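To start, the structure itself, in structure tokens.
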Amino acid sequence: MQDLILTGPALPSAMEALEKEFRVHRYWEATDKTAFLKSQTNTRFVASSGHAKLDGAMMDQLPALEIISNFGVGVDAIDLKAARTRNIRVTNTPEVLNDAVAELALALMLATCRRIVDADAHVRSGKWPNGNYPLTGELTGGTVGILGLGRIGKEIARRCQAFKMQVVYHGRTKQRFEPFPYYDNLIDMARDVDWLVAVVPGDTGTIGLVSREVLEALGPTGAFVNVGRGTLVDEPAMLDLLKSGKLGAAGLDVFAEEPKMSPEFWDLPNVVLSPHQGSATTKTRWAMGDLFVRNLLAHRDGNPLITPVV
Ligand code: NAP
Ligand code: 8YV
């Protein structure tokens, strides 16, 4: 049996599959990480639970490392350049989570627009007999700008169309075969839409992409939904604008330093908060775990990787 380092806890189904095929070493449980890595100089396989940082320094401590299989499509925790220069392959879990993440994006849009969380609190706190909940907006007829019309972005677009919304998008490139109007400038798009939904990767190129200027362009009647990564938005600016009403509302699944965030978010009735659960359904997490393990087995058995990144 081959040795494998698992960086964080895995689902029971993935754990069972890993333990059947590999001698699994639990990195997150090691009290002395340096000693742990020193004991793994012959280890060729790393299974990343998705959030643990895997940088060049760590890769250097594992000279036999050949592959990192990431649980999740976003590989922002892994230094891909460092992996490439060391001939380390990297895989992820794309496609199988598209529907679940798109569903959560729409759930956040609906909850934010119809104030579902705040209205629920209104009922539970016994306020209803004293007066109806204030009127809300609706998705129907609105325009949504998708920042990142990729695999998940396209699923969000389809669902928005089912809600009778107009869809436009921004990315680095115009996609020839997509029917939606393209904006080459994010601020221009933000100015023209009611909803800005972000689903770009959290790599270095996207840090702070949704800047104060973008959020100001979205404005007091606009809403921002983030199911990409917390790092892509200027979080302090967003908080400031939400507090002052210069940004209408937000539905947030991801945060720059999650699970930490400013407690000031908790008091805002125009914000719906979600603990990074875009892909967190039983069905989708099972499929992700399956792909996560199959990539490792493909490499071990000398077969082509199923979903390679590097
Ligand atoms: P994808 O298919 O690669 O799509 C990414 C999109 O982002 C592409 O359309 C790309 O278009 C655009 N993009 C990339 N860099 C950009 C930049 N600098 N400026 C503007 N647009 C940029 O990826 P995906 O599978 O849809 O996943 C997207 C991300 O969603 C993941 O990387 C992850 O961070 C996040 N995610 C979150 C959850 C959750 O639980 N909340 C779950 C899964 C994924 P261009 O190349 O044309 O720019
Ligand atoms: C996961 C995600 O929650 O796939 C991604 O990029 O953000 C989510 O599906 C995470 O990566 C697993 O820990």
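Identifiers for the structure tokens are assigned positionally: chains receive A, B, ... in sequence, residues are indexed from 1 per chain, and ligands are indexed from 1 in the order shown.
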
Which residues of stretch 11-118 of chain A come within 10 Å of stretch 243-264 of chain A, and for each one, what is the closest pair of atoms and their distance in Å to one decimal, counting only C-alpha atoms, sorted by chain and residue number, as a tab-separated table?
```
residue	atom	partner	partner_atom	distance
A:Val101	CA	A:Asp253	CA	9.9
A:Leu104	CA	A:Asp253	CA	8.5
A:Ala105	CA	A:Gly251	CA	8.3
A:Leu106	CA	A:Gly251	CA	9.8
A:Ala107	CA	A:Gly251	CA	9.0
A:Leu108	CA	A:Gly251	CA	5.2
A:Met109	CA	A:Gly251	CA	6.6
A:Leu110	CA	A:Gly251	CA	9.2
A:Ala111	CA	A:Gly251	CA	7.9
A:Thr112	CA	A:Gly251	CA	6.0
A:Cys113	CA	A:Ala249	CA	8.1
A:Arg115	CA	A:Ala249	CA	9.8
```

Non-local contacts of A:Gly56 (7 Å; only C-alpha atoms; under 3 positions in same chain excluded) as a PDB file with C-alpha atoms, in the first residue's frame:
```
ATOM      1  CA  MET A  59       6.165  20.811  -1.415  1.00  0.00           C
ATOM      2  CA  ASP A  60       9.945  20.999  -0.838  1.00  0.00           C
ATOM      3  CA  ASP A  79       0.509  27.242  -5.334  1.00  0.00           C
ATOM      4  CA  ALA A  82       5.261  25.895  -7.467  1.00  0.00           C
TER       5      ALA A  82
END
```

Within 10 Å of stretch 53-55 of chain A, counting only C-alpha atoms, which residues show up once you throw out same-chain ones fewer than 6 positions away? Write them as JSON, numbers by chain, please.
{"A": [7, 46, 68, 75, 76, 77, 78, 79, 80, 81, 82, 83]}

Let's have the selection written as a JSON list (two decimals), in the first residue's frame, with N, CA and C atoms.
```json
[["chain", "number", "residue", "atom", "x", "y", "z"],
["A", 7, "THR", "N", -4.83, 16.24, 4.16],
["A", 7, "THR", "CA", -4.54, 17.50, 4.89],
["A", 7, "THR", "C", -5.63, 17.88, 5.90],
["A", 46, "VAL", "N", -0.77, 13.41, -2.10],
["A", 46, "VAL", "CA", -1.42, 14.28, -1.12],
["A", 46, "VAL", "C", -2.88, 14.43, -1.53],
["A", 68, "ILE", "N", -1.23, 16.13, -6.13],
["A", 68, "ILE", "CA", -2.11, 16.69, -5.11],
["A", 68, "ILE", "C", -3.52, 16.62, -5.68],
["A", 75, "VAL", "N", -8.81, 25.91, -6.66],
["A", 75, "VAL", "CA", -7.50, 25.43, -6.22],
["A", 75, "VAL", "C", -6.63, 26.58, -5.71],
["A", 76, "ASP", "N", -7.29, 27.64, -5.21],
["A", 76, "ASP", "CA", -6.56, 28.83, -4.77],
["A", 76, "ASP", "C", -5.67, 28.58, -3.56],
["A", 77, "ALA", "N", -5.90, 27.49, -2.82],
["A", 77, "ALA", "CA", -5.04, 27.21, -1.66],
["A", 77, "ALA", "C", -3.73, 26.54, -2.09],
["A", 78, "ILE", "N", -3.67, 26.12, -3.35],
["A", 78, "ILE", "CA", -2.47, 25.41, -3.83],
["A", 78, "ILE", "C", -1.66, 26.35, -4.72],
["A", 79, "ASP", "N", -0.36, 26.42, -4.48],
["A", 79, "ASP", "CA", 0.51, 27.24, -5.33],
["A", 79, "ASP", "C", 0.77, 26.44, -6.62],
["A", 80, "LEU", "N", -0.01, 26.77, -7.66],
["A", 80, "LEU", "CA", 0.05, 25.99, -8.91],
["A", 80, "LEU", "C", 1.39, 26.15, -9.62],
["A", 81, "LYS", "N", 1.96, 27.37, -9.52],
["A", 81, "LYS", "CA", 3.24, 27.63, -10.18],
["A", 81, "LYS", "C", 4.33, 26.75, -9.53],
["A", 82, "ALA", "N", 4.28, 26.71, -8.19],
["A", 82, "ALA", "CA", 5.26, 25.90, -7.47],
["A", 82, "ALA", "C", 5.09, 24.42, -7.83],
["A", 83, "ALA", "N", 3.85, 23.98, -7.98],
["A", 83, "ALA", "CA", 3.59, 22.58, -8.35],
["A", 83, "ALA", "C", 4.15, 22.30, -9.74]]
```

With ligand 2 as the partner and 10 Å as the cut-off, tabulate the residues of chain A that qualify, each row holding the nearest pair of atoms and their distance in Å to one decimal, using only C-alpha atoms and all ligand atoms, sorted by chain and rising number, as a tab-separated table.
```
residue	atom	partner	partner_atom_place_in_ligand_line	distance
A:Gly8	CA	ligand 2	13 (O)	9.1
A:Pro9	CA	ligand 2	13 (O)	9.5
A:Ala10	CA	ligand 2	13 (O)	9.0
A:Ser48	CA	ligand 2	13 (O)	8.6
A:Ser49	CA	ligand 2	13 (O)	5.5
A:Gly50	CA	ligand 2	13 (O)	4.2
A:His51	CA	ligand 2	13 (O)	5.8
A:Ala52	CA	ligand 2	13 (O)	9.1
A:Asn70	CA	ligand 2	11 (O)	7.8
A:Phe71	CA	ligand 2	12 (C)	5.5
A:Gly72	CA	ligand 2	4 (O)	3.1
A:Val73	CA	ligand 2	4 (O)	3.9
A:Gly74	CA	ligand 2	6 (O)	3.4
A:Val75	CA	ligand 2	6 (O)	6.7
A:Asp76	CA	ligand 2	6 (O)	8.3
A:Ala77	CA	ligand 2	11 (O)	9.3
A:Asn92	CA	ligand 2	4 (O)	8.0
A:Thr93	CA	ligand 2	4 (O)	6.8
A:Pro94	CA	ligand 2	4 (O)	7.3
A:Glu95	CA	ligand 2	4 (O)	9.5
A:Val96	CA	ligand 2	4 (O)	9.5
A:Leu97	CA	ligand 2	9 (O)	6.8
A:Asn98	CA	ligand 2	9 (O)	9.2
A:Ala100	CA	ligand 2	9 (O)	9.1
A:Val101	CA	ligand 2	9 (O)	7.7
A:Val199	CA	ligand 2	6 (O)	9.9
A:Val200	CA	ligand 2	6 (O)	10.0
A:Pro201	CA	ligand 2	6 (O)	7.8
A:Gly202	CA	ligand 2	6 (O)	8.8
A:Val227	CA	ligand 2	7 (O)	8.2
A:Gly228	CA	ligand 2	7 (O)	7.3
A:Arg229	CA	ligand 2	7 (O)	7.4
A:Asp253	CA	ligand 2	7 (O)	9.4
A:Val254	CA	ligand 2	7 (O)	8.2
A:Pro275	CA	ligand 2	3 (O)	9.3
A:His276	CA	ligand 2	3 (O)	6.1
A:Gln277	CA	ligand 2	3 (O)	6.0
A:Gly278	CA	ligand 2	9 (O)	6.2
A:Ser279	CA	ligand 2	9 (O)	4.5
A:Ala280	CA	ligand 2	3 (O)	6.4
A:Thr281	CA	ligand 2	9 (O)	9.8
A:Thr284	CA	ligand 2	9 (O)	8.8
A:Arg285	CA	ligand 2	9 (O)	7.9
A:Met288	CA	ligand 2	9 (O)	8.1
A:Gly289	CA	ligand 2	12 (C)	9.8
```

Pick out the residues sitting within 9 Å of A:Thr41, and hand them over as a list in words; count only C-alpha atoms, and ignore anything fewer than 5 positions along from it in its own chain.
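Those residues are Gln61, Leu62, Pro63, Ala64 and Leu65 of chain A.
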
Would you write out those residues with N, CA and C atoms, as a PDB file, in the first residue's frame?
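Below you can see again_7.pdb, which holds the result:
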```
ATOM      1  N   GLN A  61       9.334  19.984   1.265  1.00  0.00           N
ATOM      2  CA  GLN A  61       9.533  19.030   2.363  1.00  0.00           C
ATOM      3  C   GLN A  61       9.046  17.634   1.999  1.00  0.00           C
ATOM      4  N   LEU A  62       8.419  17.540   0.816  1.00  0.00           N
ATOM      5  CA  LEU A  62       7.914  16.234   0.358  1.00  0.00           C
ATOM      6  C   LEU A  62       8.555  15.923  -0.998  1.00  0.00           C
ATOM      7  N   PRO A  63       9.856  15.569  -1.002  1.00  0.00           N
ATOM      8  CA  PRO A  63      10.581  15.436  -2.279  1.00  0.00           C
ATOM      9  C   PRO A  63      10.039  14.364  -3.219  1.00  0.00           C
ATOM     10  N   ALA A  64       9.292  13.392  -2.698  1.00  0.00           N
ATOM     11  CA  ALA A  64       8.766  12.332  -3.578  1.00  0.00           C
ATOM     12  C   ALA A  64       7.360  12.655  -4.095  1.00  0.00           C
ATOM     13  N   LEU A  65       6.827  13.831  -3.688  1.00  0.00           N
ATOM     14  CA  LEU A  65       5.442  14.158  -4.031  1.00  0.00           C
ATOM     15  C   LEU A  65       5.213  14.215  -5.546  1.00  0.00           C
TER      16      LEU A  65
END
```

Measuring between only C-alpha atoms, which one of A:Gly205, A:Gly137, A:Gly302, A:Pro269 shows the shortest distance to A:Thr221?
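Between A:Gly205, A:Gly137, A:Gly302, A:Pro269, the residue approaching A:Thr221 most closely is A:Gly137.
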
Taking only stretch 17-146 of chain A into account, list the residues labelled helix (DSSP H, G or I) by DSSP (computed from the backbone), as a PDB file with N, CA, C and O atoms, in the first residue's frame.
```
ATOM      1  N   ALA A  17     -12.921   5.049   0.999  1.00  0.00           N
ATOM      2  CA  ALA A  17     -12.256   4.716  -0.269  1.00  0.00           C
ATOM      3  C   ALA A  17     -10.751   4.948  -0.164  1.00  0.00           C
ATOM      4  O   ALA A  17      -9.952   4.131  -0.640  1.00  0.00           O
ATOM      5  N   LEU A  18     -10.351   6.044   0.488  1.00  0.00           N
ATOM      6  CA  LEU A  18      -8.913   6.325   0.627  1.00  0.00           C
ATOM      7  C   LEU A  18      -8.240   5.242   1.469  1.00  0.00           C
ATOM      8  O   LEU A  18      -7.161   4.738   1.118  1.00  0.00           O
ATOM      9  N   GLU A  19      -8.890   4.885   2.574  1.00  0.00           N
ATOM     10  CA  GLU A  19      -8.269   3.913   3.491  1.00  0.00           C
ATOM     11  C   GLU A  19      -8.215   2.512   2.905  1.00  0.00           C
ATOM     12  O   GLU A  19      -7.375   1.710   3.300  1.00  0.00           O
ATOM     13  N   LYS A  20      -9.093   2.249   1.959  1.00  0.00           N
ATOM     14  CA  LYS A  20      -9.083   0.938   1.291  1.00  0.00           C
ATOM     15  C   LYS A  20      -7.860   0.843   0.359  1.00  0.00           C
ATOM     16  O   LYS A  20      -7.291  -0.219   0.165  1.00  0.00           O
ATOM     17  N   GLU A  21      -7.456   1.983  -0.204  1.00  0.00           N
ATOM     18  CA  GLU A  21      -6.430   1.976  -1.254  1.00  0.00           C
ATOM     19  C   GLU A  21      -5.061   2.481  -0.799  1.00  0.00           C
ATOM     20  O   GLU A  21      -4.062   2.217  -1.448  1.00  0.00           O
ATOM     21  N   TYR A  27      -2.587  14.739   8.360  1.00  0.00           N
ATOM     22  CA  TYR A  27      -1.743  15.919   8.597  1.00  0.00           C
ATOM     23  C   TYR A  27      -2.332  16.837   9.667  1.00  0.00           C
ATOM     24  O   TYR A  27      -1.636  17.337  10.535  1.00  0.00           O
ATOM     25  N   TRP A  28      -3.644  17.087   9.603  1.00  0.00           N
ATOM     26  CA  TRP A  28      -4.254  18.064  10.512  1.00  0.00           C
ATOM     27  C   TRP A  28      -4.211  17.615  11.969  1.00  0.00           C
ATOM     28  O   TRP A  28      -4.302  18.425  12.873  1.00  0.00           O
ATOM     29  N   GLU A  29      -4.026  16.306  12.192  1.00  0.00           N
ATOM     30  CA  GLU A  29      -3.998  15.813  13.575  1.00  0.00           C
ATOM     31  C   GLU A  29      -2.589  15.866  14.170  1.00  0.00           C
ATOM     32  O   GLU A  29      -2.422  15.722  15.382  1.00  0.00           O
ATOM     33  N   LYS A  33       4.000  19.572  13.050  1.00  0.00           N
ATOM     34  CA  LYS A  33       3.857  19.467  11.592  1.00  0.00           C
ATOM     35  C   LYS A  33       5.210  19.226  10.912  1.00  0.00           C
ATOM     36  O   LYS A  33       5.308  18.474   9.941  1.00  0.00           O
ATOM     37  N   THR A  34       6.265  19.876  11.426  1.00  0.00           N
ATOM     38  CA  THR A  34       7.593  19.721  10.813  1.00  0.00           C
ATOM     39  C   THR A  34       8.050  18.272  10.930  1.00  0.00           C
ATOM     40  O   THR A  34       8.501  17.670   9.937  1.00  0.00           O
ATOM     41  N   ALA A  35       7.905  17.700  12.131  1.00  0.00           N
ATOM     42  CA  ALA A  35       8.302  16.299  12.327  1.00  0.00           C
ATOM     43  C   ALA A  35       7.452  15.380  11.455  1.00  0.00           C
ATOM     44  O   ALA A  35       7.955  14.407  10.871  1.00  0.00           O
ATOM     45  N   PHE A  36       6.161  15.724  11.342  1.00  0.00           N
ATOM     46  CA  PHE A  36       5.257  14.915  10.513  1.00  0.00           C
ATOM     47  C   PHE A  36       5.771  14.881   9.067  1.00  0.00           C
ATOM     48  O   PHE A  36       5.906  13.820   8.468  1.00  0.00           O
ATOM     49  N   LEU A  37       6.062  16.075   8.523  1.00  0.00           N
ATOM     50  CA  LEU A  37       6.500  16.139   7.123  1.00  0.00           C
ATOM     51  C   LEU A  37       7.837  15.423   6.930  1.00  0.00           C
ATOM     52  O   LEU A  37       8.065  14.775   5.909  1.00  0.00           O
ATOM     53  N   LYS A  38       8.701  15.531   7.936  1.00  0.00           N
ATOM     54  CA  LYS A  38      10.016  14.840   7.858  1.00  0.00           C
ATOM     55  C   LYS A  38       9.828  13.335   7.764  1.00  0.00           C
ATOM     56  O   LYS A  38      10.646  12.633   7.165  1.00  0.00           O
ATOM     57  N   GLY A  56       5.090  26.217  -2.000  1.00  0.00           N
ATOM     58  CA  GLY A  56       6.343  25.619  -2.459  1.00  0.00           C
ATOM     59  C   GLY A  56       7.178  25.087  -1.304  1.00  0.00           C
ATOM     60  O   GLY A  56       7.808  24.023  -1.426  1.00  0.00           O
ATOM     61  N   ALA A  57       7.169  25.788  -0.172  1.00  0.00           N
ATOM     62  CA  ALA A  57       7.978  25.358   0.982  1.00  0.00           C
ATOM     63  C   ALA A  57       7.501  23.997   1.477  1.00  0.00           C
ATOM     64  O   ALA A  57       8.313  23.114   1.797  1.00  0.00           O
ATOM     65  N   MET A  58       6.192  23.820   1.497  1.00  0.00           N
ATOM     66  CA  MET A  58       5.658  22.530   1.956  1.00  0.00           C
ATOM     67  C   MET A  58       5.975  21.434   0.929  1.00  0.00           C
ATOM     68  O   MET A  58       6.349  20.316   1.288  1.00  0.00           O
ATOM     69  N   MET A  59       5.855  21.796  -0.358  1.00  0.00           N
ATOM     70  CA  MET A  59       6.165  20.811  -1.415  1.00  0.00           C
ATOM     71  C   MET A  59       7.635  20.374  -1.314  1.00  0.00           C
ATOM     72  O   MET A  59       7.962  19.203  -1.523  1.00  0.00           O
ATOM     73  N   ASP A  60       8.515  21.327  -0.957  1.00  0.00           N
ATOM     74  CA  ASP A  60       9.945  20.999  -0.838  1.00  0.00           C
ATOM     75  C   ASP A  60      10.224  20.007   0.287  1.00  0.00           C
ATOM     76  O   ASP A  60      11.224  19.301   0.258  1.00  0.00           O
ATOM     77  N   LEU A  80      -0.012  26.769  -7.660  1.00  0.00           N
ATOM     78  CA  LEU A  80       0.055  25.985  -8.905  1.00  0.00           C
ATOM     79  C   LEU A  80       1.392  26.148  -9.623  1.00  0.00           C
ATOM     80  O   LEU A  80       1.907  25.218 -10.234  1.00  0.00           O
ATOM     81  N   LYS A  81       1.957  27.371  -9.517  1.00  0.00           N
ATOM     82  CA  LYS A  81       3.241  27.630 -10.175  1.00  0.00           C
ATOM     83  C   LYS A  81       4.325  26.754  -9.531  1.00  0.00           C
ATOM     84  O   LYS A  81       5.132  26.112 -10.221  1.00  0.00           O
ATOM     85  N   ALA A  82       4.279  26.715  -8.195  1.00  0.00           N
ATOM     86  CA  ALA A  82       5.261  25.895  -7.467  1.00  0.00           C
ATOM     87  C   ALA A  82       5.091  24.418  -7.831  1.00  0.00           C
ATOM     88  O   ALA A  82       6.078  23.687  -8.002  1.00  0.00           O
ATOM     89  N   ALA A  83       3.848  23.982  -7.984  1.00  0.00           N
ATOM     90  CA  ALA A  83       3.592  22.579  -8.346  1.00  0.00           C
ATOM     91  C   ALA A  83       4.147  22.298  -9.743  1.00  0.00           C
ATOM     92  O   ALA A  83       4.840  21.297  -9.961  1.00  0.00           O
ATOM     93  N   ARG A  84       3.871  23.226 -10.670  1.00  0.00           N
ATOM     94  CA  ARG A  84       4.313  23.047 -12.057  1.00  0.00           C
ATOM     95  C   ARG A  84       5.839  22.938 -12.137  1.00  0.00           C
ATOM     96  O   ARG A  84       6.351  22.037 -12.791  1.00  0.00           O
ATOM     97  N   THR A  85       6.536  23.830 -11.429  1.00  0.00           N
ATOM     98  CA  THR A  85       8.000  23.814 -11.519  1.00  0.00           C
ATOM     99  C   THR A  85       8.598  22.567 -10.856  1.00  0.00           C
ATOM    100  O   THR A  85       9.724  22.196 -11.153  1.00  0.00           O
ATOM    101  N   ASN A  98     -21.651  21.921 -10.097  1.00  0.00           N
ATOM    102  CA  ASN A  98     -22.239  23.100 -10.744  1.00  0.00           C
ATOM    103  C   ASN A  98     -23.671  23.373 -10.279  1.00  0.00           C
ATOM    104  O   ASN A  98     -24.030  24.511  -9.954  1.00  0.00           O
ATOM    105  N   ASP A  99     -24.493  22.327 -10.292  1.00  0.00           N
ATOM    106  CA  ASP A  99     -25.918  22.531  -9.974  1.00  0.00           C
ATOM    107  C   ASP A  99     -26.107  22.981  -8.527  1.00  0.00           C
ATOM    108  O   ASP A  99     -26.882  23.895  -8.256  1.00  0.00           O
ATOM    109  N   ALA A 100     -25.393  22.343  -7.620  1.00  0.00           N
ATOM    110  CA  ALA A 100     -25.569  22.685  -6.195  1.00  0.00           C
ATOM    111  C   ALA A 100     -25.153  24.129  -5.924  1.00  0.00           C
ATOM    112  O   ALA A 100     -25.836  24.860  -5.192  1.00  0.00           O
ATOM    113  N   VAL A 101     -24.046  24.555  -6.525  1.00  0.00           N
ATOM    114  CA  VAL A 101     -23.556  25.926  -6.266  1.00  0.00           C
ATOM    115  C   VAL A 101     -24.502  26.941  -6.919  1.00  0.00           C
ATOM    116  O   VAL A 101     -24.849  27.965  -6.310  1.00  0.00           O
ATOM    117  N   ALA A 102     -24.962  26.621  -8.138  1.00  0.00           N
ATOM    118  CA  ALA A 102     -25.900  27.530  -8.821  1.00  0.00           C
ATOM    119  C   ALA A 102     -27.193  27.640  -8.016  1.00  0.00           C
ATOM    120  O   ALA A 102     -27.768  28.730  -7.881  1.00  0.00           O
ATOM    121  N   GLU A 103     -27.632  26.518  -7.474  1.00  0.00           N
ATOM    122  CA  GLU A 103     -28.848  26.516  -6.654  1.00  0.00           C
ATOM    123  C   GLU A 103     -28.675  27.429  -5.437  1.00  0.00           C
ATOM    124  O   GLU A 103     -29.567  28.199  -5.087  1.00  0.00           O
ATOM    125  N   LEU A 104     -27.516  27.353  -4.808  1.00  0.00           N
ATOM    126  CA  LEU A 104     -27.299  28.206  -3.627  1.00  0.00           C
ATOM    127  C   LEU A 104     -27.239  29.688  -4.030  1.00  0.00           C
ATOM    128  O   LEU A 104     -27.727  30.552  -3.290  1.00  0.00           O
ATOM    129  N   ALA A 105     -26.677  29.960  -5.191  1.00  0.00           N
ATOM    130  CA  ALA A 105     -26.631  31.363  -5.656  1.00  0.00           C
ATOM    131  C   ALA A 105     -28.051  31.901  -5.791  1.00  0.00           C
ATOM    132  O   ALA A 105     -28.362  33.012  -5.346  1.00  0.00           O
ATOM    133  N   LEU A 106     -28.937  31.093  -6.398  1.00  0.00           N
ATOM    134  CA  LEU A 106     -30.334  31.529  -6.551  1.00  0.00           C
ATOM    135  C   LEU A 106     -31.025  31.621  -5.189  1.00  0.00           C
ATOM    136  O   LEU A 106     -31.825  32.527  -4.956  1.00  0.00           O
ATOM    137  N   ALA A 107     -30.682  30.690  -4.292  1.00  0.00           N
ATOM    138  CA  ALA A 107     -31.277  30.733  -2.943  1.00  0.00           C
ATOM    139  C   ALA A 107     -30.886  32.027  -2.250  1.00  0.00           C
ATOM    140  O   ALA A 107     -31.718  32.687  -1.610  1.00  0.00           O
ATOM    141  N   LEU A 108     -29.631  32.431  -2.407  1.00  0.00           N
ATOM    142  CA  LEU A 108     -29.175  33.689  -1.790  1.00  0.00           C
ATOM    143  C   LEU A 108     -29.862  34.886  -2.436  1.00  0.00           C
ATOM    144  O   LEU A 108     -30.224  35.853  -1.756  1.00  0.00           O
ATOM    145  N   MET A 109     -30.033  34.825  -3.761  1.00  0.00           N
ATOM    146  CA  MET A 109     -30.724  35.938  -4.446  1.00  0.00           C
ATOM    147  C   MET A 109     -32.160  36.050  -3.941  1.00  0.00           C
ATOM    148  O   MET A 109     -32.637  37.138  -3.608  1.00  0.00           O
ATOM    149  N   LEU A 110     -32.845  34.912  -3.874  1.00  0.00           N
ATOM    150  CA  LEU A 110     -34.245  34.930  -3.414  1.00  0.00           C
ATOM    151  C   LEU A 110     -34.337  35.384  -1.958  1.00  0.00           C
ATOM    152  O   LEU A 110     -35.176  36.218  -1.612  1.00  0.00           O
ATOM    153  N   ALA A 111     -33.459  34.840  -1.120  1.00  0.00           N
ATOM    154  CA  ALA A 111     -33.516  35.174   0.313  1.00  0.00           C
ATOM    155  C   ALA A 111     -33.198  36.654   0.527  1.00  0.00           C
ATOM    156  O   ALA A 111     -33.819  37.321   1.364  1.00  0.00           O
ATOM    157  N   THR A 112     -32.258  37.174  -0.262  1.00  0.00           N
ATOM    158  CA  THR A 112     -31.864  38.578  -0.128  1.00  0.00           C
ATOM    159  C   THR A 112     -32.983  39.488  -0.630  1.00  0.00           C
ATOM    160  O   THR A 112     -33.351  40.470   0.016  1.00  0.00           O
ATOM    161  N   CYS A 113     -33.539  39.120  -1.782  1.00  0.00           N
ATOM    162  CA  CYS A 113     -34.554  39.949  -2.428  1.00  0.00           C
ATOM    163  C   CYS A 113     -35.854  39.964  -1.627  1.00  0.00           C
ATOM    164  O   CYS A 113     -36.439  41.026  -1.399  1.00  0.00           O
ATOM    165  N   ILE A 116     -36.122  36.871   3.232  1.00  0.00           N
ATOM    166  CA  ILE A 116     -36.691  35.677   3.860  1.00  0.00           C
ATOM    167  C   ILE A 116     -36.194  35.488   5.302  1.00  0.00           C
ATOM    168  O   ILE A 116     -36.967  35.155   6.189  1.00  0.00           O
ATOM    169  N   VAL A 117     -34.924  35.748   5.526  1.00  0.00           N
ATOM    170  CA  VAL A 117     -34.380  35.520   6.878  1.00  0.00           C
ATOM    171  C   VAL A 117     -34.953  36.536   7.862  1.00  0.00           C
ATOM    172  O   VAL A 117     -35.401  36.180   8.963  1.00  0.00           O
ATOM    173  N   ASP A 118     -34.992  37.784   7.458  1.00  0.00           N
ATOM    174  CA  ASP A 118     -35.514  38.841   8.326  1.00  0.00           C
ATOM    175  C   ASP A 118     -37.030  38.675   8.537  1.00  0.00           C
ATOM    176  O   ASP A 118     -37.544  38.890   9.640  1.00  0.00           O
ATOM    177  N   ALA A 119     -37.730  38.253   7.473  1.00  0.00           N
ATOM    178  CA  ALA A 119     -39.180  38.047   7.584  1.00  0.00           C
ATOM    179  C   ALA A 119     -39.481  36.865   8.498  1.00  0.00           C
ATOM    180  O   ALA A 119     -40.440  36.896   9.277  1.00  0.00           O
ATOM    181  N   ASP A 120     -38.641  35.852   8.436  1.00  0.00           N
ATOM    182  CA  ASP A 120     -38.786  34.690   9.315  1.00  0.00           C
ATOM    183  C   ASP A 120     -38.643  35.149  10.780  1.00  0.00           C
ATOM    184  O   ASP A 120     -39.447  34.767  11.641  1.00  0.00           O
ATOM    185  N   ALA A 121     -37.673  36.016  11.025  1.00  0.00           N
ATOM    186  CA  ALA A 121     -37.456  36.536  12.382  1.00  0.00           C
ATOM    187  C   ALA A 121     -38.657  37.379  12.836  1.00  0.00           C
ATOM    188  O   ALA A 121     -39.050  37.337  14.011  1.00  0.00           O
ATOM    189  N   HIS A 122     -39.247  38.091  11.884  1.00  0.00           N
ATOM    190  CA  HIS A 122     -40.433  38.919  12.164  1.00  0.00           C
ATOM    191  C   HIS A 122     -41.568  38.036  12.693  1.00  0.00           C
ATOM    192  O   HIS A 122     -42.222  38.365  13.686  1.00  0.00           O
ATOM    193  N   VAL A 123     -41.767  36.888  12.033  1.00  0.00           N
ATOM    194  CA  VAL A 123     -42.840  35.965  12.448  1.00  0.00           C
ATOM    195  C   VAL A 123     -42.496  35.333  13.796  1.00  0.00           C
ATOM    196  O   VAL A 123     -43.293  35.350  14.736  1.00  0.00           O
ATOM    197  N   ARG A 124     -41.275  34.805  13.899  1.00  0.00           N
ATOM    198  CA  ARG A 124     -40.880  34.098  15.126  1.00  0.00           C
ATOM    199  C   ARG A 124     -40.897  34.990  16.361  1.00  0.00           C
ATOM    200  O   ARG A 124     -41.099  34.514  17.469  1.00  0.00           O
ATOM    201  N   TRP A 128     -45.773  39.799  13.834  1.00  0.00           N
ATOM    202  CA  TRP A 128     -46.734  39.810  12.733  1.00  0.00           C
ATOM    203  C   TRP A 128     -48.108  40.371  13.130  1.00  0.00           C
ATOM    204  O   TRP A 128     -48.656  41.228  12.423  1.00  0.00           O
ATOM    205  N   PRO A 129     -48.692  39.920  14.281  1.00  0.00           N
ATOM    206  CA  PRO A 129     -50.021  40.458  14.635  1.00  0.00           C
ATOM    207  C   PRO A 129     -50.020  41.982  14.773  1.00  0.00           C
ATOM    208  O   PRO A 129     -51.057  42.625  14.630  1.00  0.00           O
ATOM    209  N   ASN A 130     -48.870  42.574  15.010  1.00  0.00           N
ATOM    210  CA  ASN A 130     -48.821  44.033  15.170  1.00  0.00           C
ATOM    211  C   ASN A 130     -48.633  44.772  13.840  1.00  0.00           C
ATOM    212  O   ASN A 130     -48.609  45.998  13.805  1.00  0.00           O
TER     213      ASN A 130
END
```

Contacts of A:Ala190 at 8 Å or less, counting only C-alpha atoms, minus same-chain residues fewer than 5 places along, as number ranges by chain?
A: 145, 195-196, 214-215, 217-218

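For A:His299, the non-local neighbours within 12 Å, defined as residues at least 6 positions apart in the same chain or in other chains and counting only C-alpha atoms, are Gln2, Arg44, Phe45, Val46, Leu65, Glu66, Ile67, Ile68, Ser69, Ile88, Arg89, Val90, Thr91, Phe292, Val293, Leu305, Ile306, Thr307 and Pro308 of chain A.
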
Tell me, as an MDAnalysis selection string, which residues lie within 9 Å of A:His25, counting only C-alpha atoms; anything in the same chain fewer than 3 positions away does not count.
chainID A and resid 3:7 29 40

As an exercise, work out the distance from atom CA of A:Val272 to atom CA of A:Val168 in Å and give it to one decimal place.
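Going from atom CA of A:Val272 over to atom CA of A:Val168, I get 23.3 Å.
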
Please, which residues in stretch 266-305 of chain A fall within 10 Å of stretch 237-242 of chain A when counting only C-alpha atoms, and what is the closest atom pair and distance in Å to one decimal for each, ordered by chain then residue number, as CSV?
```
residue,atom,partner,partner_atom,distance
A:Leu268,CA,A:Leu242,CA,7.8
A:Pro269,CA,A:Leu242,CA,9.7
A:Asn270,CA,A:Leu242,CA,7.5
A:Val271,CA,A:Leu242,CA,8.1
```
